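Contents: one structure, followed by commentary.
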Amino acid sequence: MRYTISLLLATAAFPAFAEMSVVTDIPPVQSLVATVMGTTPEVLLPPGSDAHNFQLRPSQARGLANADLVVWVGPEMTPWLAGTLDGIGGDGARLGLLEAEGATLREYAEEHHHDHDHDHHGHSHDGHDPHAWLDPHNASVWLDAIAAELSKLDPENAATYAANAEAGKESIAALDAEITAELAPVKDKPFIVFHDAYGYFAEHYGLTVAGAVSLGDASSPSAARLSEITKAAGGAACLFPEVQHDPKLVTQMAGDTGVTVGDALDPEGSALEAGPQLYADLMRGLAGTLTDCLSR
């Protein structure tokens, strides 16, 4: 299976040679665009950056203003980028992936509407959950949307973009089957995550998320929230910290409840090498980290 996926990803690397400047927001989006383009575009948020609260360098702002195409999840993920795009002008195309036709979107749970643990720097926790790339169906839909947008800007290479998107969709289907099989034995084991970012992944694979330490992502959870989630953690098999977030709260909660702490999850691929392979690496990483702890 792994060989097949690698082979398919390799076939998705026919570069189109138009001189286009393409800018993406986060590593998973960069990876999907790279699959279609055959070359790796610029990403605004390099490894170690926080997608929800980020300050652009002047050179990045100039790059956005001059870009032929900006591909991003949407303002739900990076509200600061929405304001920047409005402010810089520029006549390049913009593709908001949450608006792509055929994407499956989920709403945040009702508890988000009553929670005040986040501030205006974080992404919105009203309405649509922006972490939609964690459903492989959406990743496949987005490949087609990216190919269509690139083809409008560069019609001479439209057939190449379409072929690359098709090869990428085949690799994602194989990846999805692999992860489905891997996670099947742990579907009924409840677990706690640090940040409410895993709804799409959990729903797609039928996993049991018992709760999130922090409903928001830009500030610490309240004492009431911690008390509530500590109670929920008592029935969980594992607690998972998250890359780029202090594991202190999770460690403390584990001490209070005796629940096993797993390795840190990385939903945005912030610790992975950039390129078309990052999306598969990210999804495999989540599945492997969950399985390692939940199968004990």
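Residue numbering restarts at 1 in every chain; chains get A, B, ... in the order shown in the structure tokens, and ligands count up from 1 in that same order.
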
For range 183-189 of chain A, list every protein, DNA or RNA residue within 8 Å, evaluated using only C-alpha atoms, and leave out those in the same chain fewer than 6 positions away; present the list as a list in words.
->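 So the residues in contact are Tyr205, Gly206, Leu207, Thr208, Ala236, Ala237, Ala287, Thr291, Leu294 and Ser295 of chain A.
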
Find the spatial neighbours of Leu97 in chain A, counting only C-alpha atoms, within a cut-off of 12 Å - ignore same-chain residues fewer than 3 positions away - and output them as a VMD selection string.
-> chain A and resid 24 to 26 28 to 29 32 to 33 70 to 77 94 100 to 105 130 to 133 138 to 146 149

Restrict the selected residues to C-alpha atoms and save them as a compact mmCIF listing (two decimals), in the first residue's frame.
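The result, stored in part05.txt:
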# COMPACT_ATOMS: atom_id res chain seq x y z
CA THR A 24 -0.91 29.53 0.06
CA ASP A 25 -1.82 29.99 3.71
CA ILE A 26 -0.93 26.80 5.64
CA PRO A 28 -1.71 21.28 4.08
CA VAL A 29 -3.01 23.73 1.47
CA LEU A 32 -2.42 20.08 -2.17
CA VAL A 33 -1.53 23.00 -4.48
CA VAL A 70 -3.86 33.12 -3.36
CA VAL A 71 -5.20 29.77 -2.16
CA TRP A 72 -6.40 29.71 1.43
CA VAL A 73 -8.84 27.86 3.65
CA GLY A 74 -10.82 31.03 4.29
CA PRO A 75 -11.41 33.75 6.89
CA GLU A 76 -12.77 31.17 9.32
CA MET A 77 -9.22 29.82 9.67
CA ARG A 94 -8.28 34.20 -4.71
CA ALA A 100 -15.38 24.95 -2.95
CA GLU A 101 -18.38 23.19 -4.47
CA GLY A 102 -18.79 19.67 -3.09
CA ALA A 103 -16.84 20.21 0.13
CA THR A 104 -18.35 18.70 3.29
CA LEU A 105 -18.46 21.30 6.06
CA PRO A 130 -12.27 25.44 9.27
CA HIS A 131 -10.10 22.32 9.80
CA ALA A 132 -11.76 20.73 6.77
CA TRP A 133 -8.59 19.28 5.19
CA ASN A 138 -12.50 17.52 1.14
CA ALA A 139 -8.85 17.22 0.14
CA SER A 140 -9.95 15.47 -3.07
CA VAL A 141 -12.61 18.09 -3.79
CA TRP A 142 -10.03 20.82 -3.21
CA LEU A 143 -7.61 19.27 -5.70
CA ASP A 144 -10.26 19.69 -8.41
CA ALA A 145 -10.99 23.27 -7.31
CA ILE A 146 -7.29 24.13 -7.38
CA GLU A 149 -8.52 27.83 -10.81

Tell me, which residues of range 118-261 of chain A carry DSSP alpha helix (DSSP H), written as a PyMOL selection string?
-> chain A and resi 136-153+158-183+199-205+223-233+248-257

Selected residues written out, C-alpha atoms, as a PDB file, in the first residue's frame:
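File produced: out17.pdb:
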ATOM      1  CA  PRO A 136      -9.860  13.300   2.880  1.00  0.00           C
ATOM      2  CA  HIS A 137     -13.049  13.768   0.864  1.00  0.00           C
ATOM      3  CA  ASN A 138     -12.504  17.517   1.136  1.00  0.00           C
ATOM      4  CA  ALA A 139      -8.853  17.217   0.141  1.00  0.00           C
ATOM      5  CA  SER A 140      -9.953  15.466  -3.069  1.00  0.00           C
ATOM      6  CA  VAL A 141     -12.614  18.095  -3.785  1.00  0.00           C
ATOM      7  CA  TRP A 142     -10.035  20.819  -3.209  1.00  0.00           C
ATOM      8  CA  LEU A 143      -7.606  19.268  -5.701  1.00  0.00           C
ATOM      9  CA  ASP A 144     -10.262  19.694  -8.410  1.00  0.00           C
ATOM     10  CA  ALA A 145     -10.993  23.275  -7.307  1.00  0.00           C
ATOM     11  CA  ILE A 146      -7.289  24.127  -7.376  1.00  0.00           C
ATOM     12  CA  ALA A 147      -6.867  22.562 -10.834  1.00  0.00           C
ATOM     13  CA  ALA A 148      -9.855  24.529 -12.155  1.00  0.00           C
ATOM     14  CA  GLU A 149      -8.520  27.828 -10.806  1.00  0.00           C
ATOM     15  CA  LEU A 150      -5.009  27.238 -12.146  1.00  0.00           C
ATOM     16  CA  SER A 151      -6.471  26.288 -15.519  1.00  0.00           C
ATOM     17  CA  LYS A 152      -8.326  29.605 -15.744  1.00  0.00           C
ATOM     18  CA  LEU A 153      -5.054  31.464 -15.206  1.00  0.00           C
ATOM     19  CA  ALA A 158      -5.056  22.802 -18.084  1.00  0.00           C
ATOM     20  CA  ALA A 159      -4.639  19.155 -19.095  1.00  0.00           C
ATOM     21  CA  THR A 160      -1.554  18.839 -16.886  1.00  0.00           C
ATOM     22  CA  TYR A 161      -3.347  20.336 -13.884  1.00  0.00           C
ATOM     23  CA  ALA A 162      -6.300  17.990 -14.413  1.00  0.00           C
ATOM     24  CA  ALA A 163      -4.034  14.948 -14.691  1.00  0.00           C
ATOM     25  CA  ASN A 164      -2.104  15.915 -11.568  1.00  0.00           C
ATOM     26  CA  ALA A 165      -5.331  16.438  -9.616  1.00  0.00           C
ATOM     27  CA  GLU A 166      -6.621  13.046 -10.748  1.00  0.00           C
ATOM     28  CA  ALA A 167      -3.410  11.299  -9.688  1.00  0.00           C
ATOM     29  CA  GLY A 168      -3.557  13.126  -6.349  1.00  0.00           C
ATOM     30  CA  LYS A 169      -7.160  11.976  -5.792  1.00  0.00           C
ATOM     31  CA  GLU A 170      -6.141   8.375  -6.454  1.00  0.00           C
ATOM     32  CA  SER A 171      -3.349   8.639  -3.895  1.00  0.00           C
ATOM     33  CA  ILE A 172      -5.723  10.155  -1.330  1.00  0.00           C
ATOM     34  CA  ALA A 173      -8.216   7.321  -1.891  1.00  0.00           C
ATOM     35  CA  ALA A 174      -5.468   4.772  -1.225  1.00  0.00           C
ATOM     36  CA  LEU A 175      -4.312   6.735   1.828  1.00  0.00           C
ATOM     37  CA  ASP A 176      -7.888   6.889   3.128  1.00  0.00           C
ATOM     38  CA  ALA A 177      -8.283   3.118   2.828  1.00  0.00           C
ATOM     39  CA  GLU A 178      -4.996   2.578   4.666  1.00  0.00           C
ATOM     40  CA  ILE A 179      -5.976   4.890   7.544  1.00  0.00           C
ATOM     41  CA  THR A 180      -9.504   3.442   7.777  1.00  0.00           C
ATOM     42  CA  ALA A 181      -8.030  -0.009   8.316  1.00  0.00           C
ATOM     43  CA  GLU A 182      -5.474   1.270  10.828  1.00  0.00           C
ATOM     44  CA  LEU A 183      -8.038   3.105  12.977  1.00  0.00           C
ATOM     45  CA  GLY A 199     -14.013  16.969  14.232  1.00  0.00           C
ATOM     46  CA  TYR A 200     -13.622  16.239  10.527  1.00  0.00           C
ATOM     47  CA  PHE A 201     -11.041  13.505  11.128  1.00  0.00           C
ATOM     48  CA  ALA A 202     -13.087  11.910  13.907  1.00  0.00           C
ATOM     49  CA  GLU A 203     -16.354  12.007  11.974  1.00  0.00           C
ATOM     50  CA  HIS A 204     -14.823  10.594   8.807  1.00  0.00           C
ATOM     51  CA  TYR A 205     -13.158   7.688  10.602  1.00  0.00           C
ATOM     52  CA  ALA A 223     -11.341  27.081  35.414  1.00  0.00           C
ATOM     53  CA  ALA A 224     -14.917  25.920  34.755  1.00  0.00           C
ATOM     54  CA  ARG A 225     -13.865  24.469  31.395  1.00  0.00           C
ATOM     55  CA  LEU A 226     -10.928  22.636  32.974  1.00  0.00           C
ATOM     56  CA  SER A 227     -13.169  21.188  35.673  1.00  0.00           C
ATOM     57  CA  GLU A 228     -15.661  20.002  33.058  1.00  0.00           C
ATOM     58  CA  ILE A 229     -13.064  18.387  30.801  1.00  0.00           C
ATOM     59  CA  THR A 230     -11.258  16.759  33.749  1.00  0.00           C
ATOM     60  CA  LYS A 231     -14.492  14.946  34.564  1.00  0.00           C
ATOM     61  CA  ALA A 232     -14.824  13.824  30.946  1.00  0.00           C
ATOM     62  CA  ALA A 233     -11.191  12.688  30.920  1.00  0.00           C
ATOM     63  CA  LYS A 248       1.309  21.570  30.813  1.00  0.00           C
ATOM     64  CA  LEU A 249      -2.499  21.453  31.084  1.00  0.00           C
ATOM     65  CA  VAL A 250      -2.692  17.987  29.549  1.00  0.00           C
ATOM     66  CA  THR A 251       0.072  16.697  31.823  1.00  0.00           C
ATOM     67  CA  GLN A 252      -1.650  18.174  34.857  1.00  0.00           C
ATOM     68  CA  MET A 253      -4.962  16.637  33.856  1.00  0.00           C
ATOM     69  CA  ALA A 254      -3.334  13.254  33.348  1.00  0.00           C
ATOM     70  CA  GLY A 255      -1.909  13.476  36.850  1.00  0.00           C
ATOM     71  CA  ASP A 256      -5.371  14.257  38.247  1.00  0.00           C
ATOM     72  CA  THR A 257      -7.116  11.452  36.365  1.00  0.00           C
TER      73      THR A 257
END

If you run DSSP over the backbone, which residues in range 185-244 of chain A end up strand (DSSP E)? Put them as a ChimeraX atom specification.
-> /A:191-195,209-214,238-240

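As for CA of Asn157 in chain A and CA of Thr39 in chain A, they are spaced 13.3 Å apart.
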
Residues near Asp68 in chain A, cut-off 12 Å, only C-alpha atoms, skip fewer than 4 positions along chain, as a list in words =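 Those residues are Ala18, Glu19, Met20, Ser21, Val22, Val23, Thr24, Pro41, Glu42, Gly63, Leu64, Gly90, Asp91, Gly92, Ala93, Arg94, Leu95, Glu149, Leu150, Lys152, Leu153 and Asp154 of chain A.
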
Identify, on the basis of only C-alpha atoms, every residue whose closest approach to Ala274 in chain A does not exceed 8 Å; exclude the query and any residue fewer than 6 positions from it along the same chain; express the result as a CSV table (one decimal) with C-alpha atoms, in the first residue's frame.
chain,number,residue,atom,x,y,z
A,27,PRO,CA,1.2,23.7,4.9
A,30,GLN,CA,0.5,24.3,0.1
A,31,SER,CA,0.8,20.5,-0.2
A,40,THR,CA,5.8,23.8,-4.5

Figure out the distance between CA of Leu98 in chain A and CA of Pro241 in chain A, please, to one decimal in Å.
->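 Separating CA of Pro241 in chain A from CA of Leu98 in chain A is a distance of 26.4 Å.
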
Point out the residue among A:Met37, A:Leu56, A:Ala51, A:Met283 with the least atom-to-atom distance to Tyr198 in chain A, counting only C-alpha atoms.
->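 That would be A:Met283, the residue with the smallest distance to Tyr198 in chain A.
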
With only C-alpha atoms as the atoms that count, which of A:Gly262, A:Pro79, A:Gly288, A:Pro46 lies nearest to Cys238 in chain A?
->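 Between A:Gly262, A:Pro79, A:Gly288, A:Pro46, the residue approaching Cys238 in chain A most closely is A:Gly262.
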
If you measure from CA of Gln244 in chain A to CA of Asp263 in chain A, what distance in Å do you get, rounded to one decimal?
->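 Pair CA of Gln244 in chain A / CA of Asp263 in chain A returns 12.6 Å.
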
Write out as a list in words the residues lying within 12 Å of His245 in chain A, counting only C-alpha atoms and excluding same-chain residues fewer than 5 positions away.
-> Gly48, Ser49, Asp50, Val193, Phe194, His195, Val213, Ser214, Asp217, Ala218, Ser219, Ser220, Phe240, Val250, Ala264, Leu265, Asp266, Pro267 and Ser270 of chain A

Choose the residue, out of A:Gln60, A:Gln277, A:Leu286, A:Phe191, that has the smallest atom-to-atom separation from Val36 in chain A; count only C-alpha atoms.
->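 Once distances to Val36 in chain A are computed over only C-alpha atoms, the minimum belongs to A:Gln277.
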